[in-house]
Amino acid sequence: MAIPIRTAFGQLLMNRFYQVLLIVTSVGFSWLAMMIVHEIGHVLHALLSGGYVTRVVLSPWEFSRTDVSPNPSPLFVAWGGAAWGVLLPIAIWSFTRIVARSYSYLAAFFAGFCCVVNGAYIGAGTIVHAGDAGDMLRYGAAYWQLVLYGLVATASGFYLWNGLGSYFGLGKGNGEVDKSATIAMVIACITVLLAEVAWTLCYC
């Protein structure tokens, strides 16, 4: 009788291990990749407006940043991060639903994460006048535009997250997750982490 009990307990521990690993790597990957797509937006708008990108800071241990000089359209460049920082992840999620529907929940989590973080970042910036929101206000954006963006982006993020809990072993998931998805997220998280470290060492 003791052997089945030990086996069941061991299986429970293994399930919890994979569950925690999936959650941690999903959050870690989303944070690192969120900074990448956000800065892609700034770079894209800088290039489209005739600006010159002098530096892109992408590091696991500091907030990302894009320096542009000269910057003939600072408001346009400032909006680039907020705009593409949510549109690109949503596009990735939409594409994943077509080509790999069974794993689209991972893309939905990432897209939701980007929406919530960008929405909170811009929304809170209207109070502290810092970061991109501070630049937007400085160069002519209206308060209501930033507040509206913050509300819509954050609400969209929570909408994308709705119903994902069971995939991460929460609620009806009963602590069980897809082990292949977990391994994939571990690889993705480590890859992005190493890529940002390499970028920091080479370009920052």
# chains A, B, ... in the order shown; residues from 1 in each chain; ligands from 1
call {"tool": "select_by_dssp", "arguments": {"residues": "stretch 90-193 of chain A", "states": "alpha helix (DSSP H)", "output": "PyMOL selection string"}}
result
chain A and resi 90-99+104-128+131-138+143-161+179-193
call {"tool": "closest_atom_pairs", "arguments": {"of": "stretch 17-71 of chain A", "to": "stretch 115-123 of chain A", "cutoff": "9 Å", "atoms": "only C-alpha atoms", "output": "tab-separated table"}}
result
residue	atom	partner	partner_atom	distance
A:Trp31	CA	A:Val117	CA	8.9
A:Met34	CA	A:Val117	CA	8.5
A:His38	CA	A:Asn118	CA	8.5
call {"tool": "residues_around", "arguments": {"residues": "A:Met14", "least_positions_apart": "4", "cutoff": "12 Å", "atoms": "only C-alpha atoms", "output": "PDB file with N, CA and C atoms, in the first residue's frame"}}
result
ATOM      1  N   THR A   7       4.078   6.643  -4.995  1.00  0.00           N
ATOM      2  CA  THR A   7       4.020   6.918  -6.428  1.00  0.00           C
ATOM      3  C   THR A   7       3.084   8.078  -6.729  1.00  0.00           C
ATOM      4  N   ALA A   8       1.920   8.085  -6.080  1.00  0.00           N
ATOM      5  CA  ALA A   8       0.953   9.162  -6.284  1.00  0.00           C
ATOM      6  C   ALA A   8       1.510  10.495  -5.800  1.00  0.00           C
ATOM      7  N   PHE A   9       2.193  10.463  -4.650  1.00  0.00           N
ATOM      8  CA  PHE A   9       2.788  11.691  -4.114  1.00  0.00           C
ATOM      9  C   PHE A   9       3.889  12.206  -5.033  1.00  0.00           C
ATOM     10  N   GLY A  10       4.691  11.277  -5.546  1.00  0.00           N
ATOM     11  CA  GLY A  10       5.750  11.668  -6.473  1.00  0.00           C
ATOM     12  C   GLY A  10       5.186  12.267  -7.747  1.00  0.00           C
ATOM     13  N   TYR A  18       6.182  20.951 -12.932  1.00  0.00           N
ATOM     14  CA  TYR A  18       5.954  21.400 -14.306  1.00  0.00           C
ATOM     15  C   TYR A  18       5.009  22.600 -14.339  1.00  0.00           C
ATOM     16  N   GLN A  19       4.033  22.611 -13.447  1.00  0.00           N
ATOM     17  CA  GLN A  19       3.102  23.735 -13.404  1.00  0.00           C
ATOM     18  C   GLN A  19       3.823  25.034 -13.056  1.00  0.00           C
ATOM     19  N   VAL A  20       4.604  24.995 -11.987  1.00  0.00           N
ATOM     20  CA  VAL A  20       5.353  26.184 -11.567  1.00  0.00           C
ATOM     21  C   VAL A  20       6.348  26.597 -12.647  1.00  0.00           C
ATOM     22  N   LEU A  21       6.993  25.616 -13.260  1.00  0.00           N
ATOM     23  CA  LEU A  21       7.970  25.908 -14.308  1.00  0.00           C
ATOM     24  C   LEU A  21       7.306  26.588 -15.495  1.00  0.00           C
ATOM     25  N   GLY A 175      -3.613  21.361 -11.327  1.00  0.00           N
ATOM     26  CA  GLY A 175      -2.164  21.238 -11.210  1.00  0.00           C
ATOM     27  C   GLY A 175      -1.469  20.545 -12.361  1.00  0.00           C
ATOM     28  N   GLU A 176      -2.216  20.170 -13.396  1.00  0.00           N
ATOM     29  CA  GLU A 176      -1.618  19.460 -14.524  1.00  0.00           C
ATOM     30  C   GLU A 176      -1.472  20.392 -15.723  1.00  0.00           C
ATOM     31  N   VAL A 177      -0.315  20.325 -16.379  1.00  0.00           N
ATOM     32  CA  VAL A 177      -0.050  21.143 -17.562  1.00  0.00           C
ATOM     33  C   VAL A 177       0.554  20.273 -18.657  1.00  0.00           C
ATOM     34  N   LYS A 179       3.329  19.048 -20.649  1.00  0.00           N
ATOM     35  CA  LYS A 179       4.781  19.016 -20.403  1.00  0.00           C
ATOM     36  C   LYS A 179       5.571  19.472 -21.620  1.00  0.00           C
TER      37      LYS A 179
END
call {"tool": "residues_around", "arguments": {"residues": "stretch 130-142 of chain A", "least_positions_apart": "5", "cutoff": "6 Å", "atoms": "only C-alpha atoms", "output": "ChimeraX atom specification"}}
result
/A:75,78,122,125
call {"tool": "write_last_selection", "arguments": {"atoms": "N, CA and C atoms", "output": "PDB file, in the first residue's frame"}}
result
ATOM      1  N   LEU A  75       6.780  62.666 -31.009  1.00  0.00           N
ATOM      2  CA  LEU A  75       5.488  62.138 -30.573  1.00  0.00           C
ATOM      3  C   LEU A  75       5.153  60.851 -31.317  1.00  0.00           C
ATOM      4  N   ALA A  78       7.321  58.142 -29.944  1.00  0.00           N
ATOM      5  CA  ALA A  78       6.891  57.740 -28.600  1.00  0.00           C
ATOM      6  C   ALA A  78       5.685  56.811 -28.658  1.00  0.00           C
ATOM      7  N   ILE A 122       1.462  53.153 -19.784  1.00  0.00           N
ATOM      8  CA  ILE A 122       1.037  54.437 -20.349  1.00  0.00           C
ATOM      9  C   ILE A 122       0.025  55.115 -19.438  1.00  0.00           C
ATOM     10  N   GLY A 125       1.672  56.557 -16.477  1.00  0.00           N
ATOM     11  CA  GLY A 125       2.540  57.653 -16.889  1.00  0.00           C
ATOM     12  C   GLY A 125       1.839  58.990 -16.921  1.00  0.00           C
TER      13      GLY A 125
END
call {"tool": "select_by_dssp", "arguments": {"residues": "stretch 31-196 of chain A", "states": "strand (DSSP E)", "output": "ChimeraX atom specification"}}
result
/A:53-59,62-68
call {"tool": "write_last_selection", "arguments": {"atoms": "C-alpha atoms", "output": "short mmCIF file (atom, residue, chain, number, x, y, z; two decimals), in the first residue's frame"}}
result
data_model
loop_
_atom_site.label_atom_id
_atom_site.label_comp_id
_atom_site.auth_asym_id
_atom_site.auth_seq_id
_atom_site.Cartn_x
_atom_site.Cartn_y
_atom_site.Cartn_z
CA VAL A 53 18.38 55.29 -33.88
CA THR A 54 21.57 55.72 -31.87
CA ARG A 55 20.99 53.02 -29.27
CA VAL A 56 18.53 50.32 -28.26
CA VAL A 57 18.82 49.09 -24.69
CA LEU A 58 17.56 45.51 -24.31
CA SER A 59 18.72 43.95 -21.10
CA GLU A 62 17.04 47.03 -16.76
CA PHE A 63 14.12 48.64 -18.54
CA SER A 64 14.37 48.76 -22.32
CA ARG A 65 14.92 52.06 -24.11
CA THR A 66 15.42 53.39 -27.64
CA ASP A 67 17.50 56.53 -28.15
CA VAL A 68 16.80 58.52 -31.31
#
call {"tool": "closest_residue", "arguments": {"among": "A:Glu39, A:Trp79, A:Thr96, A:Arg16", "to": "A:Gly173", "atoms": "only C-alpha atoms"}}
result
A:Arg16
call {"tool": "atom_distance", "arguments": {"atom1": "atom CA of A:Val152", "atom2": "atom CA of A:Gly112"}}
result
11.8 Å
call {"tool": "residues_around", "arguments": {"residues": "stretch 42-51 of chain A", "least_positions_apart": "4", "cutoff": "6 Å", "atoms": "only C-alpha atoms", "output": "list of chain:residue names"}}
result
A:Pro70, A:Asn71, A:Val77, A:Gly80, A:Gly81
call {"tool": "residues_around", "arguments": {"residues": "A:Asn162", "least_positions_apart": "5", "cutoff": "10 Å", "atoms": "only C-alpha atoms", "output": "list in words"}}
result
Ala108, Phe109, Gly112, Ser156 and Gly157 of chain A
call {"tool": "closest_residue", "arguments": {"among": "A:Val197, A:Leu106, A:Ile127, A:Leu32", "to": "A:Phe168", "atoms": "only C-alpha atoms"}}
result
A:Leu106
